Amino acid sequence: MNHSISPAQESIPPEEPQAIEEAVVLLTEMVRRLTAKSGRARRDAHAKSHGCVRGRFIIDGELEEPFRRGVFHPGTEYPCWIRYSNGNELIRRDSTGDGRGMAIKLCGVPGRKLMDDEKKTQDFLLINHPNFFFETAAEFVAFQRVNSMGRPHLFLFPTLNPKTWRLRELRVIAAITSKRITNPFALQYWSMTPYLYGEGMAAKFSVRPSHSFREFSGNRASPDFLREVMKGQLAQGEVELEFLVQRQTDPASMPIEDPIQEWLPSQSPFVKVATIYIPTQDFISVAQDKFSENLSFSPWHGLFEHRPLGGINRVRKVVYEVISKLRHELNNEERFEPDGMETFTCGD
Ligand code: HEM
């Protein structure tokens with residue numbers, strides 16, 4: 001155990017506030033540029049949704065004491081909405097290499113909230129890989145600068161000198177984009193970045209299918225096959241997933257400020273704390289898609305007990321709110337938070 005850093009301790013680099021300001025400017029420009037092209041303002045990341053499905057999130061009744069924090073009260077059940085997505089800002093064929101998102105919104109959550117724009121929700125944003133590809137807010141901005149010039153490769157290879165190449169980032173990006181995806185419900189997802197888990201404890205989250213999962217397969221040649229697979233899977237029966245927590249047990253080898261470094265399960269195993277049930281349903285309707293597009297997910301929608309930690313989460317605090325407000329404004333849509341009781345009729 002390293003005694004110079006405490007568990008869950010953050011450390012803000014001096015250049016971070018300026019990086020956050022620049023991130024807002026660059027992402028706002030990008031959303032406006034993409035909106036001018038497509039006529040519709042979308043999320044600056046995870047623009048393509050495969051579907052937003054209704055679920056039940058039930059905390060394990062037998063939860064051990066150190067895991068009883070925040071929303072994790074033994075036996076509590078929350079209705080939830082889950083939006084599955086591709087990571088890119090563009091709408092592309094599902095067979096294109098990409099990170100895959102799973103955004104969970106628990107509804108009817110009581111308690112003191114981190115942000116003013118919601119009162120009763122707790123969001124968990126997850127991607128199908130354990131670690132992220134930017135270490136800090138400033139590194140994200142370095143990428144966004146070259147990306148906005150249409151030259152994203154310059155982030156990984158700024159010069160011909162191999163000493164300047166960002167090989168850690170390259171390895172993560174290559175691992176994420178080379179995965180062959182068949183079914184969004186069959187994947188394991190991770191929060192990548194850490195969160196507070198009650199006072200003085202940090203944790204990362206993950207979701208994986210329960211053992212009982214029988215995978216429905218689809219036609220990869222179709223551009224939207226992941227949506228088709230989800231539809232087929234949920235027509236076949238209920239999907240059951242496990243929600244897991246990994247606690248930070250060593251602040252040095254499981255850092256708060258560097259999400260490129262994976263927290264190894266060999267050092268601190270993931271522990272199941274809840275079950276997610278996604279019942280048989282038809283989620284395909286114009287009204288439900290519109291609802292999904294107008295939802296706002298944010299790692300900062302949640303309880304003080306689960307405050308996002310680290311520089312990447314600090315830049316996300318500002319960016320998610322700005323981009324959500326901007327796209328709603330450009331589309332002339334209201335921002336709202338659901339209560340989990342919404343209903344849609346298939347074919348609306
Ligand atoms: C520099 C870091 C990051 C930035 C700037 C960023 C930015 C964004 C933005 C602006 C959105 C759209 C928000 C909206 O308009 O409602 C978004 C969505 C999303 N982000 Fe990030 N993100 C970052 C890191 C991450 C990380 C580490 C994860 C890890 C799980 C993640 C997962 C997601 C997911 C799953 C969505 C889709 C949410 C939905 O379905 O609506 N992001 N991100």
# chains A, B, ... in the order shown; residues from 1 in each chain; ligands from 1

call {"tool": "residues_around", "arguments": {"residues": "A:Leu309", "least_positions_apart": "4", "cutoff": "7 Å", "atoms": "only C-alpha atoms", "output": "ChimeraX atom specification"}}
result
/A:10,194-196,256,313

call {"tool": "residues_around", "arguments": {"residues": "stretch 274-286 of chain A", "least_positions_apart": "4", "cutoff": "10 Å", "atoms": "only C-alpha atoms", "output": "number ranges by chain"}}
result
A: 50-61, 63, 72-82, 185, 207-210, 227-228, 230-245, 290-292, 344-348

call {"tool": "atom_distance", "arguments": {"atom1": "atom CA of A:Gly198", "atom2": "atom 21 (Fe, counted along the ligand's line) of ligand 1"}}
result
23.3 Å

call {"tool": "closest_residue", "arguments": {"among": "A:Phe132, A:Tyr189, A:Phe270, A:Phe143", "to": "A:Ala174", "atoms": "only C-alpha atoms"}}
result
A:Phe132

call {"tool": "closest_residue", "arguments": {"among": "A:Glu199, A:Glu329, A:Asp250, A:Asp44", "to": "ligand 1", "atoms": "only C-alpha atoms and all ligand atoms"}}
result
A:Asp44

call {"tool": "residues_near_ligand", "arguments": {"ligand": "ligand 1", "cutoff": "6 Å", "atoms": "only C-alpha atoms and all ligand atoms", "output": "PyMOL selection string"}}
result
chain A and resi 43-46+83+101-103+125-127+132+137+140+191-193+296-297+312+316+319-320+323-324
